[in-house]
file protein-v3.csv (CSV, C-alpha atoms)
chain,number,residue,atom,x,y,z
R,33,MET,CA,-15.3,12.9,-64.9
R,34,ASN,CA,-15.6,14.0,-61.3
R,35,MET,CA,-12.8,12.3,-59.3
R,36,THR,CA,-14.8,11.9,-56.1
R,37,MET,CA,-17.6,10.2,-58.1
R,38,LEU,CA,-15.1,7.9,-59.7
R,39,GLY,CA,-13.7,7.0,-56.3
R,40,ILE,CA,-17.2,6.3,-55.0
R,41,ILE,CA,-18.0,4.0,-57.9
R,42,ILE,CA,-14.7,2.1,-57.8
R,43,GLY,CA,-15.0,1.8,-54.0
R,44,MET,CA,-18.6,0.5,-54.2
R,45,GLY,CA,-17.4,-2.0,-56.9
R,46,ILE,CA,-14.6,-3.4,-54.7
R,47,VAL,CA,-16.7,-3.8,-51.5
R,48,THR,CA,-19.5,-5.5,-53.5
R,49,TYR,CA,-17.1,-7.8,-55.2
R,50,ILE,CA,-15.2,-9.0,-52.1
R,51,PRO,CA,-18.1,-10.9,-50.4
R,52,ARG,CA,-19.2,-12.3,-53.7
R,53,LEU,CA,-15.7,-13.5,-54.5
R,54,LEU,CA,-14.0,-14.6,-51.2
R,55,PRO,CA,-16.0,-17.8,-50.4
R,56,LEU,CA,-15.6,-18.9,-54.0
R,57,LEU,CA,-11.8,-18.6,-53.8
R,58,THR,CA,-11.1,-19.6,-50.2
R,59,LEU,CA,-13.6,-22.2,-49.1
R,60,GLN,CA,-12.9,-25.9,-49.5
R,61,THR,CA,-16.2,-27.5,-48.3
R,62,GLU,CA,-15.3,-31.1,-49.3
R,63,ASN,CA,-14.1,-32.0,-45.8
R,64,TRP,CA,-16.6,-29.9,-43.8
R,65,PRO,CA,-19.0,-31.8,-41.4
R,66,GLY,CA,-22.2,-33.0,-42.9
R,67,TRP,CA,-24.5,-30.6,-41.1
R,68,SER,CA,-22.7,-27.5,-42.3
R,69,ARG,CA,-22.7,-28.7,-45.9
R,70,ARG,CA,-26.4,-29.6,-45.7
R,71,MET,CA,-27.1,-26.1,-44.3
R,72,LEU,CA,-25.2,-24.5,-47.2
R,73,ALA,CA,-27.1,-26.6,-49.7
R,74,ARG,CA,-30.4,-25.4,-48.2
R,75,VAL,CA,-29.5,-21.7,-48.4
R,76,PRO,CA,-31.1,-21.2,-51.9
R,77,TYR,CA,-34.6,-22.2,-50.7
R,78,ALA,CA,-34.5,-20.1,-47.5
R,79,VAL,CA,-33.1,-17.2,-49.5
R,80,LEU,CA,-36.0,-17.5,-52.1
R,81,GLY,CA,-38.5,-17.3,-49.3
R,82,ALA,CA,-36.9,-14.3,-47.8
R,83,LEU,CA,-36.5,-12.6,-51.2
R,84,ILE,CA,-40.2,-13.0,-51.9
R,85,PHE,CA,-41.7,-12.1,-48.5
R,86,PRO,CA,-42.4,-9.5,-47.3
R,87,GLY,CA,-41.0,-7.5,-50.3
R,88,ILE,CA,-43.7,-8.6,-52.7
R,89,LEU,CA,-46.3,-6.8,-50.5
R,90,TYR,CA,-44.6,-3.4,-51.1
R,91,ILE,CA,-44.4,-3.2,-54.9
R,92,HIS,CA,-47.4,-0.9,-54.9
R,93,ASP,CA,-49.4,1.3,-52.6
R,94,SER,CA,-51.9,-1.5,-52.1
R,95,ILE,CA,-50.6,-4.8,-50.8
R,96,TRP,CA,-53.2,-6.6,-52.9
R,97,PHE,CA,-51.4,-5.7,-56.0
R,98,GLY,CA,-48.4,-7.8,-55.1
R,99,ILE,CA,-50.6,-10.6,-53.7
R,100,ALA,CA,-52.6,-10.8,-56.9
R,101,GLY,CA,-49.4,-10.9,-59.0
R,102,GLY,CA,-47.9,-13.5,-56.7
R,103,ALA,CA,-51.0,-15.6,-56.9
R,104,ALA,CA,-50.8,-15.5,-60.7
R,105,ALA,CA,-47.2,-16.5,-60.6
R,106,VAL,CA,-47.9,-19.4,-58.3
R,107,CYS,CA,-50.7,-20.7,-60.6
R,108,LEU,CA,-48.6,-20.4,-63.8
R,109,ALA,CA,-45.6,-22.0,-62.2
R,110,TYR,CA,-47.7,-24.8,-60.7
R,111,LEU,CA,-49.1,-25.5,-64.2
R,112,GLY,CA,-45.5,-25.9,-65.3
R,113,ALA,CA,-45.1,-22.8,-67.4
R,114,PRO,CA,-41.5,-21.9,-68.2
R,115,LEU,CA,-39.8,-19.1,-66.2
R,116,ILE,CA,-40.2,-16.4,-68.8
R,117,ALA,CA,-43.9,-17.3,-69.2
R,118,VAL,CA,-44.5,-17.0,-65.4
R,119,VAL,CA,-42.8,-13.6,-65.4
R,120,GLY,CA,-44.6,-12.3,-68.5
R,121,GLY,CA,-47.9,-13.8,-67.5
R,122,SER,CA,-47.8,-12.1,-64.0
R,123,ILE,CA,-47.0,-8.8,-65.6
R,124,ILE,CA,-49.8,-9.1,-68.1
R,125,PHE,CA,-52.2,-10.2,-65.4
R,126,LEU,CA,-51.4,-7.1,-63.3
R,127,ALA,CA,-51.6,-4.8,-66.3
R,128,VAL,CA,-55.1,-6.2,-67.1
R,129,ILE,CA,-56.2,-5.7,-63.5
R,130,GLN,CA,-55.0,-2.1,-63.6
R,131,LEU,CA,-57.1,-1.5,-66.7
R,132,VAL,CA,-60.2,-3.1,-65.3
R,133,VAL,CA,-60.1,-1.9,-61.7
M,26,MET,CA,-23.0,-39.0,-77.2
M,27,GLU,CA,-21.5,-37.0,-74.3
M,28,SER,CA,-18.0,-38.5,-74.8
M,29,ALA,CA,-18.0,-37.7,-78.5
M,30,GLU,CA,-18.2,-34.0,-77.7
M,31,THR,CA,-15.0,-32.0,-77.0
M,32,LEU,CA,-14.7,-30.3,-73.7
M,33,ASP,CA,-15.0,-26.9,-75.3
M,34,SER,CA,-18.4,-27.6,-76.9
M,35,THR,CA,-19.8,-28.9,-73.7
M,36,GLU,CA,-18.7,-25.7,-72.0
M,37,ILE,CA,-20.3,-23.6,-74.7
M,38,ASN,CA,-23.4,-25.7,-74.4
M,39,TRP,CA,-23.7,-25.0,-70.7
M,40,PHE,CA,-22.9,-21.3,-71.3
M,41,ARG,CA,-25.8,-21.2,-73.8
M,42,ARG,CA,-28.1,-22.9,-71.3
M,43,GLY,CA,-27.2,-20.4,-68.7
M,44,ILE,CA,-27.9,-17.5,-71.1
M,45,ALA,CA,-31.4,-19.0,-71.8
M,46,ALA,CA,-32.1,-19.5,-68.1
M,47,GLY,CA,-31.0,-15.9,-67.4
M,48,ILE,CA,-33.4,-14.3,-69.9
M,49,PRO,CA,-36.2,-13.9,-67.3
M,50,ILE,CA,-33.7,-12.0,-65.1
M,51,ALA,CA,-32.7,-9.8,-68.0
M,52,PHE,CA,-36.3,-9.1,-68.5
M,53,GLY,CA,-36.9,-8.4,-64.8
M,54,TYR,CA,-33.9,-6.0,-64.6
M,55,MET,CA,-35.2,-3.9,-67.5
M,56,PRO,CA,-37.5,-1.6,-65.6
M,57,VAL,CA,-35.2,-1.5,-62.5
M,58,ALA,CA,-32.2,-0.5,-64.6
M,59,VAL,CA,-34.1,2.0,-66.7
M,60,THR,CA,-35.4,3.7,-63.6
M,61,PHE,CA,-31.9,3.7,-62.1
M,62,GLY,CA,-30.6,5.4,-65.3
M,63,LEU,CA,-33.3,8.0,-65.0
M,64,LEU,CA,-32.7,8.7,-61.3
M,65,ALA,CA,-28.9,8.8,-61.8
M,66,GLY,CA,-29.5,11.6,-64.3
M,67,ALA,CA,-31.8,13.4,-61.9
M,68,THR,CA,-29.2,13.1,-59.1
M,69,GLY,CA,-26.6,14.8,-61.3
M,70,LEU,CA,-24.5,11.9,-62.5
M,71,SER,CA,-23.2,12.0,-66.0
M,72,GLY,CA,-24.2,9.3,-68.4
M,73,ILE,CA,-20.7,7.7,-68.3
M,74,GLU,CA,-20.8,7.7,-64.4
M,75,ALA,CA,-24.3,6.1,-64.4
M,76,VAL,CA,-23.3,3.3,-66.8
M,77,LEU,CA,-19.9,2.9,-65.1
M,78,MET,CA,-21.6,2.4,-61.8
M,79,SER,CA,-23.8,-0.4,-63.3
M,80,MET,CA,-20.7,-1.9,-64.9
M,81,LEU,CA,-18.5,-1.9,-61.9
M,82,VAL,CA,-20.9,-2.4,-59.0
M,83,PHE,CA,-23.8,-4.5,-60.5
M,84,ALA,CA,-26.0,-4.4,-57.4
M,85,GLY,CA,-29.4,-2.8,-57.8
M,86,ALA,CA,-30.3,-2.1,-54.3
M,87,ALA,CA,-26.9,-0.6,-53.4
M,88,GLN,CA,-26.9,1.6,-56.5
M,89,TYR,CA,-30.3,3.0,-55.6
M,90,MET,CA,-29.1,3.6,-52.1
M,91,ALA,CA,-26.0,5.4,-53.3
M,92,LEU,CA,-28.1,7.8,-55.4
M,93,SER,CA,-30.3,8.7,-52.5
M,94,MET,CA,-27.2,9.1,-50.2
M,95,MET,CA,-25.6,11.4,-52.8
M,96,ALA,CA,-28.8,13.4,-53.0
M,97,LEU,CA,-28.6,13.8,-49.2
M,98,GLY,CA,-24.9,14.9,-49.5
M,99,SER,CA,-23.3,11.9,-47.9
M,100,GLY,CA,-19.6,11.5,-48.2
M,101,ALA,CA,-17.7,8.8,-50.2
M,102,ALA,CA,-16.7,6.8,-47.1
M,103,GLU,CA,-20.3,6.7,-45.9
M,104,ILE,CA,-21.6,5.5,-49.2
M,105,ILE,CA,-19.0,2.8,-49.6
M,106,THR,CA,-19.5,1.5,-46.1
M,107,ALA,CA,-23.3,1.4,-46.6
M,108,THR,CA,-22.7,-0.5,-49.8
M,109,PHE,CA,-20.5,-3.0,-48.1
M,110,ILE,CA,-23.1,-3.6,-45.3
M,111,LEU,CA,-25.9,-4.0,-47.8
M,112,ASN,CA,-24.0,-6.4,-50.1
M,113,PHE,CA,-22.3,-8.4,-47.4
M,114,ARG,CA,-25.2,-11.0,-47.7
M,115,HIS,CA,-23.7,-12.3,-50.9
M,116,LEU,CA,-21.0,-13.9,-48.8
M,117,LEU,CA,-23.6,-16.5,-47.8
M,118,MET,CA,-24.8,-17.0,-51.3
M,119,SER,CA,-21.3,-17.3,-52.6
M,120,ALA,CA,-20.5,-20.0,-50.0
M,121,SER,CA,-23.6,-21.9,-50.8
M,122,ILE,CA,-22.8,-21.9,-54.5
M,123,ARG,CA,-19.3,-23.0,-53.8
M,124,GLU,CA,-20.6,-26.1,-52.0
M,125,ARG,CA,-23.0,-27.0,-54.9
M,126,ALA,CA,-21.1,-26.0,-58.0
M,127,GLU,CA,-18.3,-27.9,-59.8
M,128,SER,CA,-14.9,-26.6,-58.8
M,129,GLY,CA,-13.9,-25.1,-62.1
M,130,SER,CA,-10.8,-22.9,-62.5
M,131,LYS,CA,-10.1,-20.0,-60.2
M,132,LEU,CA,-10.4,-17.6,-63.0
M,133,ASN,CA,-13.9,-18.8,-63.9
M,134,ARG,CA,-15.0,-18.6,-60.3
M,135,ALA,CA,-13.6,-15.1,-60.0
M,136,LEU,CA,-15.6,-14.2,-63.1
M,137,TYR,CA,-19.0,-15.6,-62.1
M,138,GLY,CA,-18.4,-14.3,-58.6
M,139,PHE,CA,-18.5,-10.8,-60.0
M,140,LEU,CA,-21.9,-11.5,-61.5
M,141,LEU,CA,-23.4,-13.1,-58.4
M,142,THR,CA,-26.5,-10.9,-57.6
M,143,ASP,CA,-29.5,-12.3,-55.6
M,144,GLU,CA,-31.2,-13.1,-58.9
M,145,VAL,CA,-28.3,-14.8,-60.6
M,146,PHE,CA,-27.7,-16.8,-57.4
M,147,ALA,CA,-31.4,-17.8,-57.3
M,148,VAL,CA,-31.5,-19.0,-60.9
M,149,SER,CA,-28.2,-20.8,-60.8
M,150,SER,CA,-28.5,-22.4,-57.5
M,151,THR,CA,-31.9,-23.9,-58.2
M,152,SER,CA,-30.5,-26.0,-60.9
M,153,GLU,CA,-29.2,-29.5,-60.0
M,154,ALA,CA,-25.8,-30.0,-58.4
M,155,PRO,CA,-23.1,-30.0,-59.5
M,156,ILE,CA,-23.9,-26.7,-61.0
M,157,ARG,CA,-21.7,-25.9,-64.0
M,158,THR,CA,-19.3,-23.0,-63.9
M,159,HIS,CA,-20.2,-21.9,-67.5
M,160,TYR,CA,-23.9,-22.2,-66.7
M,161,ILE,CA,-23.6,-19.7,-63.8
M,162,THR,CA,-21.4,-17.5,-66.1
M,163,GLY,CA,-24.1,-17.6,-68.8
M,164,VAL,CA,-26.9,-16.6,-66.4
M,165,GLY,CA,-24.7,-13.8,-65.0
M,166,MET,CA,-23.7,-12.5,-68.4
M,167,ILE,CA,-27.2,-12.0,-69.7
M,168,ALA,CA,-28.3,-10.4,-66.5
M,169,TYR,CA,-25.3,-8.1,-66.5
M,170,GLY,CA,-25.8,-7.1,-70.2
M,171,SER,CA,-29.4,-6.2,-69.4
M,172,TRP,CA,-28.5,-4.2,-66.3
M,173,VAL,CA,-25.7,-2.2,-67.9
M,174,GLY,CA,-27.6,-1.8,-71.3
M,175,PHE,CA,-30.8,-0.6,-69.8
M,176,THR,CA,-29.0,1.7,-67.4
M,177,GLY,CA,-27.7,3.5,-70.4
M,178,ILE,CA,-31.1,3.5,-72.2
M,179,GLY,CA,-32.8,4.8,-69.1
M,180,TYR,CA,-30.2,7.6,-68.8
M,181,PHE,CA,-30.1,8.7,-72.4
M,182,ALA,CA,-33.6,7.7,-73.8
M,183,GLY,CA,-35.6,8.0,-70.6
M,184,SER,CA,-38.5,5.8,-69.8
M,185,PHE,CA,-39.8,4.2,-73.0
M,186,LEU,CA,-42.3,2.0,-71.3
M,187,PRO,CA,-45.8,3.1,-70.6
M,188,GLU,CA,-46.6,3.7,-66.9
M,189,LEU,CA,-49.1,0.9,-66.8
M,190,LEU,CA,-46.5,-1.6,-67.8
M,191,THR,CA,-43.8,-0.1,-65.5
M,192,GLU,CA,-46.1,-0.5,-62.5
M,193,SER,CA,-47.0,-4.1,-63.5
M,194,MET,CA,-43.3,-5.0,-64.2
M,195,ALA,CA,-42.6,-4.4,-60.5
M,196,ILE,CA,-43.8,-7.9,-60.0
M,197,ALA,CA,-41.3,-9.4,-62.5
M,198,LEU,CA,-38.4,-10.4,-60.1
M,199,TYR,CA,-40.9,-11.7,-57.5
M,200,ALA,CA,-42.6,-13.7,-60.1
M,201,LEU,CA,-39.2,-15.0,-61.1
M,202,PHE,CA,-38.4,-16.1,-57.5
M,203,ILE,CA,-41.8,-17.8,-57.3
M,204,ALA,CA,-41.2,-19.5,-60.6
M,205,LEU,CA,-38.0,-20.9,-59.3
M,206,LEU,CA,-39.5,-22.0,-56.0
M,207,ILE,CA,-42.6,-23.9,-57.2
M,208,PRO,CA,-40.8,-26.6,-59.4
M,209,SER,CA,-38.5,-27.3,-56.5
M,210,VAL,CA,-41.5,-27.7,-54.2
M,211,LYS,CA,-43.0,-30.1,-56.7
M,212,LYS,CA,-39.8,-32.1,-57.0
M,213,GLU,CA,-38.5,-32.1,-53.4
M,214,GLY,CA,-41.7,-31.4,-51.5
M,215,LYS,CA,-41.9,-30.3,-47.9
M,216,VAL,CA,-38.2,-29.5,-47.4
M,217,VAL,CA,-38.5,-26.6,-49.8
M,218,ILE,CA,-41.8,-25.3,-48.5
M,219,ARG,CA,-40.5,-25.4,-44.9
M,220,LEU,CA,-37.2,-23.7,-45.7
M,221,ALA,CA,-38.9,-20.9,-47.8
M,222,PHE,CA,-41.5,-20.4,-45.2
M,223,LEU,CA,-39.0,-20.1,-42.4
M,224,GLY,CA,-36.9,-17.7,-44.5
M,225,ALA,CA,-39.9,-15.6,-45.3
M,226,VAL,CA,-41.2,-15.4,-41.7
M,227,PHE,CA,-37.9,-14.6,-40.2
M,228,ASN,CA,-37.2,-12.0,-42.9
M,229,ALA,CA,-40.6,-10.3,-42.2
M,230,VAL,CA,-39.7,-10.2,-38.5
M,231,PHE,CA,-36.1,-9.0,-38.9
M,232,GLN,CA,-37.1,-6.3,-41.3
M,233,LEU,CA,-38.7,-4.5,-38.4
M,234,TRP,CA,-35.3,-3.9,-36.8
M,235,LEU,CA,-32.6,-4.6,-39.4
M,236,SER,CA,-31.8,-3.1,-42.8
M,237,THR,CA,-32.6,-5.1,-45.9
M,238,GLY,CA,-29.2,-6.8,-46.4
M,239,TRP,CA,-28.8,-7.9,-42.8
M,240,SER,CA,-32.4,-9.0,-42.5
M,241,LEU,CA,-32.1,-11.2,-45.5
M,242,MET,CA,-28.9,-12.7,-44.4
M,243,SER,CA,-29.9,-13.3,-40.7
M,244,ALA,CA,-33.3,-14.8,-41.8
M,245,THR,CA,-31.5,-17.2,-44.2
M,246,ILE,CA,-29.0,-18.3,-41.6
M,247,LEU,CA,-31.6,-18.8,-38.9
M,248,ALA,CA,-33.9,-20.7,-41.3
M,249,VAL,CA,-31.3,-23.2,-42.2
M,250,ILE,CA,-30.2,-23.6,-38.6
M,251,VAL,CA,-33.8,-24.1,-37.3
M,252,TYR,CA,-34.5,-26.5,-40.1
M,253,GLU,CA,-31.4,-28.6,-39.4
M,254,GLY,CA,-32.4,-28.6,-35.7
M,255,ILE,CA,-35.9,-29.8,-36.4
M,256,ASP,CA,-34.6,-32.3,-38.9
M,257,GLN,CA,-32.1,-33.8,-36.4
M,258,LYS,CA,-34.7,-34.0,-33.6
M,259,VAL,CA,-37.1,-35.9,-35.9
M,260,ILE,CA,-34.4,-38.3,-37.0
M,261,ARG,CA,-33.3,-38.9,-33.3
M,262,ARG,CA,-36.9,-39.5,-32.3
M,263,ARG,CA,-37.4,-42.0,-35.1
M,264,LYS,CA,-34.3,-43.9,-34.1
M,265,THR,CA,-35.3,-44.3,-30.4

call {"tool": "encode", "arguments": {"input": "protein-v3.csv", "output": "structure tokens"}}
result
Amino acid sequence: MNMTMLGIIIGMGIVTYIPRLLPLLTLQTENWPGWSRRMLARVPYAVLGALIFPGILYIHDSIWFGIAGGAAAVCLAYLGAPLIAVVGGSIIFLAVIQLVV
Amino acid sequence: MESAETLDSTEINWFRRGIAAGIPIAFGYMPVAVTFGLLAGATGLSGIEAVLMSMLVFAGAAQYMALSMMALGSGAAEIITATFILNFRHLLMSASIRERAESGSKLNRALYGFLLTDEVFAVSSTSEAPIRTHYITGVGMIAYGSWVGFTGIGYFAGSFLPELLTESMAIALYALFIALLIPSVKKEGKVVIRLAFLGAVFNAVFQLWLSTGWSLMSATILAVIVYEGIDQKVIRRRKT
């Protein structure tokens, strides 16, 4: 194997692992003030919003493709479909749209 | 019933639940990993290098970025620095999961920390606190298996999916995020909608100036700060 390539891969692995690992090993949030713990606990929902938008608009040349798939996912999830069914259903919905349009 | 179980079987149980919860991620990673394998081949990596990168880095966006930088002739230091900048956002997710997960052993934390992608974080952290260590590990393991396995398949077997399906599968991870968000909205109501909305709007604005990783992280931080500010103001007003 190319040594430079190996170095790049190992280096990338290390710098990716550090931010994922450090807070898990070093933080002791039990005695942190209430507001900071509330903020940390709210991170997942804010992240989800940011992960969805605006990225979903750019999965295809037309933004409507992502919007249609997203709408299908919202409907399925709202009806209480399990995660995998929401994911599978949205894919099938977009495949059908591509066949029809 | 709970007390009749040994500690080990409870842990295995949570691990299994994690595996089950992570299946949609495994599914969503499939087209992304296959394409990564294909592109790695086209960029000139050997099969071992492509799979090794997926095994050691386990970060989709960074791996794609590395390929395009290699194609442009960037040096090792540049690529590693860019990877660090892109993946620095996980610091925030790791801190958030530390707050909401059971403590667990250091070794267990070190293990699931390695697996903590955006998607693994999203699935694990939307389950109820205290989140079980073995649950997170289960979610991460199945996602990791899919990522590494389909990188290899993409490299050696090429794209086995019809183009129609590949294009449609681009929605998979977004559908997953939506599927995680909606039940939380149903259960916890406006808090979740407001936070997600703030995160989305700030991210859309920040992306105009910042790279993906920084935009995501700044948007999240600002969203929780703004929300806390509004929340406190409302509480104070109600008190007076």

call {"tool": "residues_around", "arguments": {"input": "protein-v3.csv", "residues": "Ala73 of chain R", "least_positions_apart": "5", "cutoff": "9 Å", "atoms": "all atoms listed in the file", "output": "ChimeraX atom specification"}}
result
/R:68 /M:121-122,124-125,150

call {"tool": "atom_distance", "arguments": {"input": "protein-v3.csv", "atom1": "atom CA of Ile50 of chain R", "atom2": "atom CA of Leu132 of chain M"}}
result
14.7 Å

call {"tool": "closest_atom_pairs", "arguments": {"input": "protein-v3.csv", "of": "chain R", "to": "segment 222-246 of chain M", "cutoff": "7 Å", "atoms": "only C-alpha atoms", "output": "tab-separated table"}}
result
residue	atom	partner	partner_atom	distance
R:Val75	CA	M:Thr245	CA	6.5
R:Ala78	CA	M:Gly224	CA	4.5
R:Val79	CA	M:Thr245	CA	5.5
R:Gly81	CA	M:Ala225	CA	4.6
R:Ala82	CA	M:Ala225	CA	4.1
R:Phe85	CA	M:Ala225	CA	5.1
R:Pro86	CA	M:Ala229	CA	5.5

call {"tool": "interface_residues", "arguments": {"input": "protein-v3.csv", "of": "chain R", "to": "chain M", "cutoff": "7 Å", "atoms": "only C-alpha atoms", "output": "ChimeraX atom specification"}}
result
/R:40-45,47-49,51-53,55-57,61,69,71-82,84-86,88,91,98,101-102,105-106,109-110,115-116,118-119,122-123,126-127

call {"tool": "atom_distance", "arguments": {"input": "protein-v3.csv", "atom1": "atom CA of Met35 of chain R", "atom2": "atom CA of Gly85 of chain M"}}
result
22.5 Å

call {"tool": "atom_distance", "arguments": {"input": "protein-v3.csv", "atom1": "atom CA of Ser184 of chain M", "atom2": "atom CA of Leu92 of chain M"}}
result
17.9 Å

call {"tool": "residues_around", "arguments": {"input": "protein-v3.csv", "residues": "Phe185 of chain M", "least_positions_apart": "5", "cutoff": "12 Å", "atoms": "only C-alpha atoms", "output": "count of residues only"}}
result
11

call {"tool": "build_atoms", "arguments": {"input": "protein-v3.csv", "residues": "segment 72-84 of chain R", "atoms": "N, CA, C and O atoms", "output": "short mmCIF file (atom, residue, chain, number, x, y, z; two decimals), in the frame of the given file"}}
result
data_model
loop_
_atom_site.label_atom_id
_atom_site.label_comp_id
_atom_site.auth_asym_id
_atom_site.auth_seq_id
_atom_site.Cartn_x
_atom_site.Cartn_y
_atom_site.Cartn_z
N LEU R 72 -25.55 -25.29 -46.00
CA LEU R 72 -25.20 -24.50 -47.20
C LEU R 72 -26.04 -24.83 -48.38
O LEU R 72 -26.47 -23.95 -49.13
N ALA R 73 -26.28 -26.13 -48.54
CA ALA R 73 -27.10 -26.60 -49.70
C ALA R 73 -28.51 -26.12 -49.59
O ALA R 73 -29.21 -26.00 -50.60
N ARG R 74 -28.98 -25.86 -48.38
CA ARG R 74 -30.40 -25.40 -48.20
C ARG R 74 -30.56 -23.93 -48.29
O ARG R 74 -31.70 -23.45 -48.31
N VAL R 75 -29.46 -23.22 -48.32
CA VAL R 75 -29.50 -21.70 -48.40
C VAL R 75 -30.44 -21.24 -49.53
O VAL R 75 -31.26 -20.35 -49.32
N PRO R 76 -30.33 -21.80 -50.76
CA PRO R 76 -31.10 -21.20 -51.90
C PRO R 76 -32.63 -21.14 -51.55
O PRO R 76 -33.25 -20.13 -51.86
N TYR R 77 -33.19 -22.16 -50.92
CA TYR R 77 -34.60 -22.20 -50.70
C TYR R 77 -35.02 -21.15 -49.60
O TYR R 77 -36.03 -20.47 -49.70
N ALA R 78 -34.19 -21.08 -48.56
CA ALA R 78 -34.50 -20.10 -47.50
C ALA R 78 -34.32 -18.68 -48.07
O ALA R 78 -35.13 -17.80 -47.77
N VAL R 79 -33.31 -18.48 -48.91
CA VAL R 79 -33.10 -17.20 -49.50
C VAL R 79 -34.34 -16.81 -50.40
O VAL R 79 -34.84 -15.68 -50.35
N LEU R 80 -34.80 -17.77 -51.19
CA LEU R 80 -36.00 -17.50 -52.10
C LEU R 80 -37.15 -17.03 -51.24
O LEU R 80 -37.82 -16.05 -51.57
N GLY R 81 -37.42 -17.74 -50.14
CA GLY R 81 -38.50 -17.30 -49.30
C GLY R 81 -38.36 -15.91 -48.78
O GLY R 81 -39.28 -15.10 -48.84
N ALA R 82 -37.14 -15.60 -48.33
CA ALA R 82 -36.90 -14.30 -47.80
C ALA R 82 -36.88 -13.19 -48.87
O ALA R 82 -37.25 -12.04 -48.62
N LEU R 83 -36.49 -13.57 -50.09
CA LEU R 83 -36.50 -12.60 -51.20
C LEU R 83 -37.93 -12.26 -51.60
O LEU R 83 -38.23 -11.16 -52.04
N ILE R 84 -38.82 -13.24 -51.49
CA ILE R 84 -40.20 -13.00 -51.90
C ILE R 84 -40.99 -12.23 -50.86
O ILE R 84 -41.71 -11.28 -51.16
#
